[in-house]
>>> print(open('run-v1.cif').read())   # mmCIF, C-alpha atoms and all ligand atoms
data_protein
#
loop_
_atom_site.label_atom_id
_atom_site.label_comp_id
_atom_site.auth_asym_id
_atom_site.auth_seq_id
_atom_site.Cartn_x
_atom_site.Cartn_y
_atom_site.Cartn_z
CA MET L 1 15.43 -19.58 -1.33
CA GLU L 2 16.68 -19.21 2.23
CA LYS L 3 13.98 -20.20 4.77
CA LYS L 4 13.46 -16.90 6.60
CA LEU L 5 13.45 -14.89 3.37
CA HIS L 6 11.07 -17.41 1.81
CA GLU L 7 8.64 -17.15 4.73
CA ALA L 8 8.81 -13.36 4.78
CA MET L 9 8.14 -13.20 1.04
CA ASN L 10 5.08 -15.43 1.36
CA GLU L 11 3.95 -13.09 4.16
CA GLN L 12 4.58 -10.08 1.94
CA ILE L 13 2.19 -11.38 -0.75
CA LYS L 14 -0.46 -11.38 1.98
CA ASN L 15 0.64 -7.97 3.32
CA GLU L 16 0.31 -6.35 -0.11
CA LEU L 17 -3.11 -7.92 -0.57
CA TYR L 18 -4.08 -6.68 2.88
CA SER L 19 -3.03 -3.19 1.75
CA ALA L 20 -5.37 -3.54 -1.23
CA TYR L 21 -8.15 -4.65 1.12
CA LEU L 22 -7.50 -1.73 3.48
CA TYR L 23 -7.61 0.86 0.67
CA LEU L 24 -10.72 -0.73 -0.78
CA SER L 25 -12.37 -0.48 2.63
CA MET L 26 -11.40 3.19 2.81
CA ALA L 27 -12.77 3.67 -0.72
CA ALA L 28 -16.09 2.16 0.36
CA TRP L 29 -16.27 4.65 3.26
CA CYS L 30 -15.52 7.56 0.89
CA GLU L 31 -18.19 6.42 -1.58
CA GLU L 32 -20.68 6.29 1.28
CA LYS L 33 -19.73 9.79 2.45
CA ASN L 34 -19.97 11.16 -1.09
CA PHE L 35 -16.30 11.64 -1.88
CA PRO L 36 -16.17 9.82 -5.23
CA GLY L 37 -12.82 11.38 -6.22
CA ILE L 38 -11.02 10.26 -3.07
CA ALA L 39 -12.70 6.86 -3.43
CA HIS L 40 -11.33 6.68 -6.98
CA TRP L 41 -7.80 7.51 -5.77
CA LEU L 42 -8.05 4.77 -3.15
CA LYS L 43 -9.40 2.24 -5.66
CA VAL L 44 -6.45 2.95 -7.96
CA GLN L 45 -4.18 2.50 -4.94
CA ALA L 46 -5.88 -0.81 -4.12
CA LYS L 47 -5.19 -2.04 -7.68
CA GLU L 48 -1.58 -0.97 -7.34
CA GLU L 49 -1.29 -3.03 -4.16
CA VAL L 50 -2.59 -6.10 -5.98
CA SER L 51 0.13 -5.50 -8.58
CA HIS L 52 2.70 -5.36 -5.75
CA ALA L 53 1.49 -8.73 -4.48
CA MET L 54 1.81 -10.07 -8.03
CA LYS L 55 5.38 -8.80 -8.32
CA PHE L 56 6.30 -10.97 -5.32
CA PHE L 57 4.20 -13.85 -6.66
CA ASP L 58 5.86 -13.75 -10.09
CA PHE L 59 9.34 -13.39 -8.63
CA MET L 60 8.81 -16.47 -6.47
CA VAL L 61 7.61 -18.40 -9.51
CA ASP L 62 10.67 -17.27 -11.47
CA VAL L 63 13.13 -18.47 -8.82
CA GLY L 64 11.20 -21.64 -8.04
CA ALA L 65 10.20 -20.72 -4.48
CA LYS L 66 7.02 -22.41 -3.28
CA ILE L 67 4.13 -19.98 -2.85
CA GLN L 68 1.82 -20.29 0.11
CA LEU L 69 -1.14 -17.92 0.25
CA LEU L 70 -2.04 -16.93 3.79
CA ALA L 71 -5.29 -15.66 5.31
CA ILE L 72 -5.97 -11.96 4.77
CA GLU L 73 -7.14 -10.05 7.83
CA LYS L 74 -10.34 -8.05 7.92
CA PRO L 75 -9.55 -4.35 7.46
CA PRO L 76 -11.17 -1.60 9.56
CA SER L 77 -14.36 -0.24 8.01
CA ASP L 78 -15.09 2.74 10.24
CA PHE L 79 -13.21 5.97 9.78
CA SER L 80 -13.86 9.33 11.42
CA SER L 81 -12.88 11.62 8.55
CA VAL L 82 -10.90 11.88 5.32
CA THR L 83 -7.95 13.07 7.42
CA ASP L 84 -8.26 9.94 9.55
CA ILE L 85 -8.07 7.88 6.35
CA PHE L 86 -4.86 9.54 5.18
CA GLU L 87 -3.31 9.41 8.65
CA LYS L 88 -3.96 5.68 8.63
CA THR L 89 -2.66 5.42 5.04
CA LEU L 90 0.62 7.11 5.97
CA GLU L 91 0.96 5.00 9.12
CA HIS L 92 0.27 1.85 7.11
CA GLU L 93 2.79 2.72 4.39
CA LYS L 94 5.45 3.36 7.05
CA LYS L 95 4.77 -0.12 8.37
CA VAL L 96 5.07 -1.55 4.85
CA THR L 97 8.37 0.30 4.40
CA SER L 98 9.75 -1.42 7.50
CA LEU L 99 8.56 -4.78 6.16
CA ILE L 100 10.35 -4.11 2.87
CA ASN L 101 13.50 -3.06 4.74
CA ASN L 102 13.33 -6.30 6.70
CA LEU L 103 13.08 -8.26 3.43
CA VAL L 104 16.12 -6.41 2.09
CA ASP L 105 18.05 -7.35 5.25
CA LEU L 106 17.07 -11.00 4.92
CA ALA L 107 17.97 -11.07 1.21
CA LYS L 108 21.37 -9.52 1.90
CA LYS L 109 22.08 -11.88 4.78
CA ALA L 110 21.22 -14.82 2.53
CA ASN L 111 23.46 -13.42 -0.22
CA ASP L 112 20.43 -13.61 -2.47
CA ASN L 113 21.34 -11.15 -5.24
CA PRO L 114 18.22 -11.60 -7.40
CA ALA L 115 15.98 -10.95 -4.38
CA THR L 116 18.08 -7.98 -3.24
CA LEU L 117 17.86 -6.48 -6.72
CA MET L 118 14.14 -7.10 -7.08
CA LEU L 119 13.49 -5.53 -3.68
CA GLN L 120 15.19 -2.29 -4.75
CA TRP L 121 12.09 -1.54 -6.82
CA PHE L 122 10.04 -1.72 -3.64
CA VAL L 123 12.49 0.48 -1.73
CA ASN L 124 11.89 3.23 -4.32
CA GLU L 125 8.17 2.56 -4.44
CA GLN L 126 7.87 3.02 -0.67
CA VAL L 127 9.52 6.45 -0.88
CA GLU L 128 6.83 7.35 -3.42
CA GLU L 129 3.99 5.85 -1.33
CA GLU L 130 4.96 7.73 1.83
CA LYS L 131 5.44 10.94 -0.12
CA ASN L 132 1.98 10.69 -1.74
CA ALA L 133 0.20 9.94 1.54
CA LEU L 134 2.05 12.72 3.36
CA HIS L 135 1.30 15.24 0.61
CA ILE L 136 -2.45 14.55 0.74
CA LEU L 137 -2.41 14.56 4.53
CA GLU L 138 -0.66 17.95 4.62
CA THR L 139 -3.22 19.36 2.19
CA LEU L 140 -6.06 18.04 4.38
CA LYS L 141 -4.55 19.74 7.43
CA MET L 142 -4.25 22.98 5.47
CA ILE L 143 -7.91 22.93 4.48
CA LYS L 144 -8.99 21.58 7.90
CA ASP L 145 -10.80 18.64 6.31
CA GLN L 146 -13.81 20.73 5.30
CA GLY L 147 -15.60 23.17 3.08
CA PRO L 148 -15.23 23.91 -0.64
CA ALA L 149 -11.50 23.10 -0.49
CA LEU L 150 -12.31 19.51 0.49
CA VAL L 151 -14.66 19.27 -2.50
CA MET L 152 -11.82 20.62 -4.68
CA LEU L 153 -9.43 18.01 -3.29
CA ASP L 154 -12.02 15.33 -4.05
CA ARG L 155 -12.13 16.54 -7.67
CA GLU L 156 -8.33 16.67 -7.83
CA LEU L 157 -7.93 13.10 -6.61
CA ALA L 158 -10.55 11.95 -9.13
CA LYS L 159 -7.92 12.61 -11.84
CA ARG L 160 -5.53 9.89 -10.72
CA GLU L 161 -4.77 7.60 -13.61
CA GLY L 162 -4.72 3.85 -13.53
FE FE L 201 2.49 -1.99 -1.65
FE FE L 202 2.67 3.48 -5.62
#
>>> encode(input="run-v1.cif", output="structure tokens")
Amino acid sequence: MEKKLHEAMNEQIKNELYSAYLYLSMAAWCEEKNFPGIAHWLKVQAKEEVSHAMKFFDFMVDVGAKIQLLAIEKPPSDFSSVTDIFEKTLEHEKKVTSLINNLVDLAKKANDNPATLMLQWFVNEQVEEEKNALHILETLKMIKDQGPALVMLDRELAKREG
């Protein structure tokens, strides 16, 4: 695999695991503040992020690219509200989208068709991730992050499968 693409893919395994760590940290905050449904949603999201890391891991194995696991940063643990959590989620997913776009660029420049093809899955996934975060954030703004509606949202997010 071309050097820059290879390095960025190793980085992306770490980035996806960092995402899992970030959502798990948010879940811990929600559990503490008695939002078990939102915590559940975030825990499912954290698991999904681990599966993203594994998609990169398995792809690198398949094409014989050496895997190097890098240090995972400490995520923030203090949040001011549920809205704050979903603002940070949306912001984070936008950052991940730009990382994926950068990987696509590198794969195309390297004429790496398998990588370009594999990355298309992530391009679609990022549309979904941003949409989900934005949808919850808009709902939170509507209900002003409080009252019975927030309890209802907590119950709604408890239903996420996975
Ligand atoms: Fe991800
Ligand atoms: Fe997703």
>>> residues_around(input="run-v1.cif", residues="Ile72 of chain L", least_positions_apart="2", cutoff="9 Å", atoms="all atoms listed in the file", output="NGL selection string")
:L and (14-15 or 17-18 or 21 or 69-70 or 74-75)
>>> write_last_selection(input="run-v1.cif", atoms="C-alpha atoms", output="CSV table (one decimal), keeping the file's coordinate frame")
chain,number,residue,atom,x,y,z
L,14,LYS,CA,-0.5,-11.4,2.0
L,15,ASN,CA,0.6,-8.0,3.3
L,17,LEU,CA,-3.1,-7.9,-0.6
L,18,TYR,CA,-4.1,-6.7,2.9
L,21,TYR,CA,-8.2,-4.6,1.1
L,69,LEU,CA,-1.1,-17.9,0.2
L,70,LEU,CA,-2.0,-16.9,3.8
L,74,LYS,CA,-10.3,-8.0,7.9
L,75,PRO,CA,-9.6,-4.4,7.5
>>> closest_residue(input="run-v1.cif", among="L:Glu32, L:Glu125, L:Glu73, L:Asp112", to="ligand FE 201 (chain L)", atoms="all atoms listed in the file")
L:Glu125
>>> atom_distance(input="run-v1.cif", atom1="atom CA of Ile136 of chain L", atom2="atom CA of Lys47 of chain L")
18.8 Å
>>> closest_atom_pairs(input="run-v1.cif", of="chain L", to="ligand FE 202 (chain L)", cutoff="10 Å", atoms="all atoms listed in the file", output="Markdown table")
| residue | atom | partner | partner_atom | distance |
| --- | --- | --- | --- | --- |
| L:Val44 | CA | L:FE202 | FE | 9.4 |
| L:Gln45 | CA | L:FE202 | FE | 7.0 |
| L:Ala46 | CA | L:FE202 | FE | 9.7 |
| L:Lys47 | CA | L:FE202 | FE | 9.8 |
| L:Glu48 | CA | L:FE202 | FE | 6.4 |
| L:Glu49 | CA | L:FE202 | FE | 7.8 |
| L:Ser51 | CA | L:FE202 | FE | 9.8 |
| L:His52 | CA | L:FE202 | FE | 8.8 |
| L:Phe122 | CA | L:FE202 | FE | 9.2 |
| L:Asn124 | CA | L:FE202 | FE | 9.3 |
| L:Glu125 | CA | L:FE202 | FE | 5.7 |
| L:Gln126 | CA | L:FE202 | FE | 7.2 |
| L:Val127 | CA | L:FE202 | FE | 8.8 |
| L:Glu128 | CA | L:FE202 | FE | 6.1 |
| L:Glu129 | CA | L:FE202 | FE | 5.1 |
| L:Glu130 | CA | L:FE202 | FE | 8.9 |
| L:Lys131 | CA | L:FE202 | FE | 9.7 |
| L:Asn132 | CA | L:FE202 | FE | 8.2 |
| L:Ala133 | CA | L:FE202 | FE | 10.0 |
>>> residues_around(input="run-v1.cif", residues="Lys33 of chain L", least_positions_apart="4", cutoff="10 Å", atoms="all atoms listed in the file", output="list in words")
Ala27, Ala28, Trp29, Ala39, Ser81 and Val82 of chain L
>>> residues_around(input="run-v1.cif", residues="segment 159-161 of chain L", least_positions_apart="6", cutoff="10 Å", atoms="all atoms listed in the file", output="ChimeraX atom specification")
/L:37-38,40-45
>>> write_last_selection(input="run-v1.cif", atoms="C-alpha atoms", output="CSV table (one decimal), in the frame of the given file")
chain,number,residue,atom,x,y,z
L,37,GLY,CA,-12.8,11.4,-6.2
L,38,ILE,CA,-11.0,10.3,-3.1
L,40,HIS,CA,-11.3,6.7,-7.0
L,41,TRP,CA,-7.8,7.5,-5.8
L,42,LEU,CA,-8.0,4.8,-3.2
L,43,LYS,CA,-9.4,2.2,-5.7
L,44,VAL,CA,-6.4,3.0,-8.0
L,45,GLN,CA,-4.2,2.5,-4.9
>>> atom_distance(input="run-v1.cif", atom1="atom CA of Ala71 of chain L", atom2="atom CA of Glu11 of chain L")
9.7 Å
>>> atom_distance(input="run-v1.cif", atom1="atom CA of Leu140 of chain L", atom2="atom CA of His92 of chain L")
17.6 Å
>>> closest_residue(input="run-v1.cif", among="L:Ile100, L:Met9, L:Ala65, L:Met60", to="ligand FE 201 (chain L)", atoms="all atoms listed in the file")
L:Ile100
>>> closest_residue(input="run-v1.cif", among="L:Ala149, L:Val61, L:Leu99, L:Leu117", to="ligand FE 201 (chain L)", atoms="all atoms listed in the file")
L:Leu99
>>> closest_residue(input="run-v1.cif", among="L:Ala53, L:Leu150, L:Met26, L:Leu106", to="ligand FE 201 (chain L)", atoms="all atoms listed in the file")
L:Ala53
>>> residues_around(input="run-v1.cif", residues="Val104 of chain L", least_positions_apart="2", cutoff="8 Å", atoms="all atoms listed in the file", output="list in words")
Ile100, Asn101, Asn102, Leu106, Ala107, Lys108, Ala115, Thr116 and Leu119 of chain L
>>> closest_residue(input="run-v1.cif", among="L:Ser25, L:Asn113, L:Asn10, L:Gln68", to="Ile85 of chain L", atoms="all atoms listed in the file")
L:Ser25
>>> decode(input="run-v1.cif", residues="segment 26-37 of chain L", atoms="N, CA and C atoms", output="PDB file, in the first residue's frame")
ATOM      1  N   MET L  26     -19.144   9.694  26.992  1.00  0.00           N
ATOM      2  CA  MET L  26     -20.429  10.395  27.019  1.00  0.00           C
ATOM      3  C   MET L  26     -21.501   9.512  27.669  1.00  0.00           C
ATOM      4  N   ALA L  27     -21.441   8.217  27.369  1.00  0.00           N
ATOM      5  CA  ALA L  27     -22.406   7.264  27.958  1.00  0.00           C
ATOM      6  C   ALA L  27     -22.255   7.238  29.474  1.00  0.00           C
ATOM      7  N   ALA L  28     -21.017   7.270  29.937  1.00  0.00           N
ATOM      8  CA  ALA L  28     -20.768   7.255  31.384  1.00  0.00           C
ATOM      9  C   ALA L  28     -21.389   8.487  32.040  1.00  0.00           C
ATOM     10  N   TRP L  29     -21.239   9.637  31.386  1.00  0.00           N
ATOM     11  CA  TRP L  29     -21.836  10.889  31.904  1.00  0.00           C
ATOM     12  C   TRP L  29     -23.357  10.756  31.968  1.00  0.00           C
ATOM     13  N   CYS L  30     -23.957  10.209  30.913  1.00  0.00           N
ATOM     14  CA  CYS L  30     -25.422  10.047  30.861  1.00  0.00           C
ATOM     15  C   CYS L  30     -25.925   9.082  31.929  1.00  0.00           C
ATOM     16  N   GLU L  31     -25.171   8.016  32.162  1.00  0.00           N
ATOM     17  CA  GLU L  31     -25.557   7.060  33.219  1.00  0.00           C
ATOM     18  C   GLU L  31     -25.566   7.787  34.567  1.00  0.00           C
ATOM     19  N   GLU L  32     -24.532   8.591  34.780  1.00  0.00           N
ATOM     20  CA  GLU L  32     -24.384   9.319  36.036  1.00  0.00           C
ATOM     21  C   GLU L  32     -25.530  10.313  36.234  1.00  0.00           C
ATOM     22  N   LYS L  33     -25.961  10.931  35.128  1.00  0.00           N
ATOM     23  CA  LYS L  33     -27.029  11.939  35.213  1.00  0.00           C
ATOM     24  C   LYS L  33     -28.415  11.322  35.068  1.00  0.00           C
ATOM     25  N   ASN L  34     -28.477   9.988  35.095  1.00  0.00           N
ATOM     26  CA  ASN L  34     -29.756   9.295  35.024  1.00  0.00           C
ATOM     27  C   ASN L  34     -30.495   9.433  33.687  1.00  0.00           C
ATOM     28  N   PHE L  35     -29.732   9.274  32.619  1.00  0.00           N
ATOM     29  CA  PHE L  35     -30.317   9.169  31.281  1.00  0.00           C
ATOM     30  C   PHE L  35     -29.916   7.812  30.693  1.00  0.00           C
ATOM     31  N   PRO L  36     -30.494   6.726  31.199  1.00  0.00           N
ATOM     32  CA  PRO L  36     -30.045   5.401  30.762  1.00  0.00           C
ATOM     33  C   PRO L  36     -30.304   5.127  29.278  1.00  0.00           C
ATOM     34  N   GLY L  37     -31.360   5.742  28.725  1.00  0.00           N
ATOM     35  CA  GLY L  37     -31.690   5.519  27.307  1.00  0.00           C
ATOM     36  C   GLY L  37     -30.661   6.161  26.391  1.00  0.00           C
TER      37      GLY L  37
END
